[in-house]
Amino acid sequence: MKTLDRRLRYFAINYIGYDTPLETIENVIAEELDGPGSLLGVRAMTKKLRMHHGINVPLNLVNAAILEADPEGLEDRRPGNKRKKREG
């Protein structure tokens, strides 16, 4: 694994692209939130960006873009909100 990591760094092959423009990320996320991806969380949205759009960005950028585009929806999609609270 050390050899693989070292060679990837040597050839400048990165899994996450930090040089992707923020406007591109925001536009693609807004497009996904208007369509069938409106109920996706941050991790699922990141995976969809990687698989369907070819955009490899870190989770924190996706979280910030979703929070800016749909703050109420992101709060509703949190895993803790889906659990029923006990009464009593």
# chains A, B, ... in the order shown; residues from 1 in each chain; ligands from 1
>>> residues_around(residues="Thr46 of chain A", least_positions_apart="4", cutoff="12 Å", atoms="only C-alpha atoms", output="short mmCIF file (atom, residue, chain, number, x, y, z; two decimals) with N, CA and C atoms, in the first residue's frame")
data_model
loop_
_atom_site.label_atom_id
_atom_site.label_comp_id
_atom_site.auth_asym_id
_atom_site.auth_seq_id
_atom_site.Cartn_x
_atom_site.Cartn_y
_atom_site.Cartn_z
N ILE A 16 -9.61 12.82 -4.82
CA ILE A 16 -10.45 13.97 -4.54
C ILE A 16 -9.85 15.18 -5.23
N ILE A 25 -20.04 22.85 -8.61
CA ILE A 25 -20.61 21.97 -7.59
C ILE A 25 -22.01 22.44 -7.22
N VAL A 28 -24.61 21.68 -10.09
CA VAL A 28 -24.96 20.26 -10.20
C VAL A 28 -25.83 19.84 -9.02
N ILE A 29 -25.50 20.32 -7.82
CA ILE A 29 -26.29 19.95 -6.64
C ILE A 29 -27.69 20.55 -6.72
N GLU A 32 -29.64 18.39 -9.04
CA GLU A 32 -30.01 17.12 -8.40
C GLU A 32 -31.12 17.32 -7.37
N GLY A 37 -33.03 13.37 -6.89
CA GLY A 37 -32.05 13.33 -5.82
C GLY A 37 -32.36 14.25 -4.67
N LEU A 40 -31.56 12.88 -1.08
CA LEU A 40 -30.24 12.32 -0.80
C LEU A 40 -29.54 13.10 0.30
N GLY A 41 -28.81 12.38 1.13
CA GLY A 41 -27.99 13.01 2.15
C GLY A 41 -26.64 13.40 1.56
N VAL A 42 -25.74 13.83 2.41
CA VAL A 42 -24.45 14.33 1.96
C VAL A 42 -23.61 13.21 1.35
N ARG A 50 -19.80 11.70 -7.90
CA ARG A 50 -18.66 10.94 -8.40
C ARG A 50 -19.06 10.00 -9.53
N MET A 51 -20.17 9.30 -9.36
CA MET A 51 -20.57 8.27 -10.32
C MET A 51 -21.19 8.84 -11.60
N HIS A 52 -22.10 9.79 -11.45
CA HIS A 52 -22.87 10.25 -12.60
C HIS A 52 -22.30 11.50 -13.27
N HIS A 53 -21.64 12.35 -12.49
CA HIS A 53 -21.17 13.61 -13.03
C HIS A 53 -19.65 13.69 -13.15
N GLY A 54 -18.93 12.73 -12.57
CA GLY A 54 -17.48 12.72 -12.67
C GLY A 54 -16.80 13.80 -11.86
N ILE A 55 -17.46 14.26 -10.79
CA ILE A 55 -16.90 15.31 -9.95
C ILE A 55 -16.47 14.68 -8.64
N ASN A 56 -15.17 14.68 -8.37
CA ASN A 56 -14.63 14.10 -7.14
C ASN A 56 -14.28 15.22 -6.17
N VAL A 57 -15.17 15.50 -5.25
CA VAL A 57 -14.97 16.58 -4.29
C VAL A 57 -15.12 16.03 -2.88
N PRO A 58 -14.53 16.70 -1.88
CA PRO A 58 -14.65 16.24 -0.50
C PRO A 58 -16.05 16.46 0.06
N LEU A 59 -16.36 15.71 1.10
CA LEU A 59 -17.68 15.78 1.72
C LEU A 59 -18.01 17.16 2.26
N ASN A 60 -17.02 17.88 2.80
CA ASN A 60 -17.32 19.17 3.41
C ASN A 60 -17.77 20.19 2.38
N LEU A 61 -17.27 20.12 1.14
CA LEU A 61 -17.75 21.02 0.09
C LEU A 61 -19.18 20.69 -0.33
N VAL A 62 -19.48 19.40 -0.41
CA VAL A 62 -20.84 18.98 -0.76
C VAL A 62 -21.80 19.39 0.35
N ASN A 63 -21.40 19.22 1.59
CA ASN A 63 -22.24 19.61 2.72
C ASN A 63 -22.52 21.10 2.70
N ALA A 64 -21.50 21.91 2.45
CA ALA A 64 -21.68 23.36 2.40
C ALA A 64 -22.60 23.77 1.26
N ALA A 65 -22.46 23.13 0.10
CA ALA A 65 -23.30 23.47 -1.05
C ALA A 65 -24.76 23.07 -0.81
N ILE A 66 -24.98 21.90 -0.21
CA ILE A 66 -26.35 21.47 0.08
C ILE A 66 -26.96 22.36 1.15
#
>>> residues_around(residues="Leu39 of chain A", least_positions_apart="2", cutoff="9 Å", atoms="only C-alpha atoms", output="PyMOL selection string")
chain A and resi 33+36-37+41+73-74+77
>>> write_last_selection(atoms="C-alpha atoms", output="short mmCIF file (atom, residue, chain, number, x, y, z; two decimals), in the first residue's frame")
data_model
loop_
_atom_site.label_atom_id
_atom_site.label_comp_id
_atom_site.auth_asym_id
_atom_site.auth_seq_id
_atom_site.Cartn_x
_atom_site.Cartn_y
_atom_site.Cartn_z
CA LEU A 33 -32.11 18.66 -5.60
CA PRO A 36 -35.10 12.67 -8.03
CA GLY A 37 -32.05 13.33 -5.82
CA GLY A 41 -27.99 13.01 2.15
CA GLY A 73 -34.17 19.76 3.61
CA LEU A 74 -30.71 18.91 4.93
CA ARG A 77 -32.54 14.23 6.04
#
>>> select_by_dssp(residues="chain A", states="helix (DSSP H, G or I)", output="PyMOL selection string")
chain A and resi 2-10+22-34+36-39+42-53+59-69+71-76+79-82
>>> write_last_selection(atoms="C-alpha atoms", output="short mmCIF file (atom, residue, chain, number, x, y, z; two decimals), in the first residue's frame")
data_model
loop_
_atom_site.label_atom_id
_atom_site.label_comp_id
_atom_site.auth_asym_id
_atom_site.auth_seq_id
_atom_site.Cartn_x
_atom_site.Cartn_y
_atom_site.Cartn_z
CA LYS A 2 2.88 2.37 0.73
CA THR A 3 4.24 1.84 -2.76
CA LEU A 4 0.86 2.50 -4.33
CA ASP A 5 0.36 5.67 -2.29
CA ARG A 6 3.83 6.91 -3.16
CA ARG A 7 3.37 6.26 -6.88
CA LEU A 8 -0.03 7.92 -6.96
CA ARG A 9 1.49 11.00 -5.37
CA TYR A 10 4.44 10.88 -7.78
CA LEU A 22 -17.50 25.93 -6.40
CA GLU A 23 -20.03 27.22 -8.95
CA THR A 24 -19.92 23.89 -10.79
CA ILE A 25 -20.61 21.97 -7.59
CA GLU A 26 -23.47 24.30 -6.63
CA ASN A 27 -25.08 24.06 -10.09
CA VAL A 28 -24.96 20.26 -10.20
CA ILE A 29 -26.29 19.95 -6.64
CA ALA A 30 -29.13 22.40 -7.36
CA GLU A 31 -30.00 20.34 -10.45
CA GLU A 32 -30.01 17.12 -8.40
CA LEU A 33 -32.11 18.66 -5.60
CA ASP A 34 -34.76 19.69 -8.16
CA PRO A 36 -35.10 12.67 -8.03
CA GLY A 37 -32.05 13.33 -5.82
CA SER A 38 -33.95 15.68 -3.54
CA LEU A 39 -33.93 13.22 -0.63
CA VAL A 42 -24.45 14.33 1.96
CA ARG A 43 -22.70 10.97 1.49
CA ALA A 44 -25.19 9.77 -1.12
CA MET A 45 -24.97 13.10 -2.96
CA THR A 46 -21.17 12.88 -2.97
CA LYS A 47 -21.37 9.38 -4.42
CA LYS A 48 -23.84 10.53 -7.08
CA LEU A 49 -21.54 13.40 -8.03
CA ARG A 50 -18.66 10.94 -8.40
CA MET A 51 -20.57 8.27 -10.32
CA HIS A 52 -22.87 10.25 -12.60
CA HIS A 53 -21.17 13.61 -13.03
CA LEU A 59 -17.68 15.78 1.72
CA ASN A 60 -17.32 19.17 3.41
CA LEU A 61 -17.75 21.02 0.09
CA VAL A 62 -20.84 18.98 -0.76
CA ASN A 63 -22.24 19.61 2.72
CA ALA A 64 -21.68 23.36 2.40
CA ALA A 65 -23.30 23.47 -1.05
CA ILE A 66 -26.35 21.47 0.08
CA LEU A 67 -26.68 23.58 3.21
CA GLU A 68 -26.66 26.73 1.09
CA ALA A 69 -29.12 25.35 -1.48
CA PRO A 71 -30.99 24.14 4.62
CA GLU A 72 -34.41 22.86 5.76
CA GLY A 73 -34.17 19.76 3.61
CA LEU A 74 -30.71 18.91 4.93
CA GLU A 75 -32.00 19.14 8.49
CA ASP A 76 -34.90 16.79 7.63
CA PRO A 79 -30.26 10.26 10.43
CA GLY A 80 -31.13 11.36 13.97
CA ASN A 81 -34.37 12.95 12.81
CA LYS A 82 -35.68 9.70 11.37
#
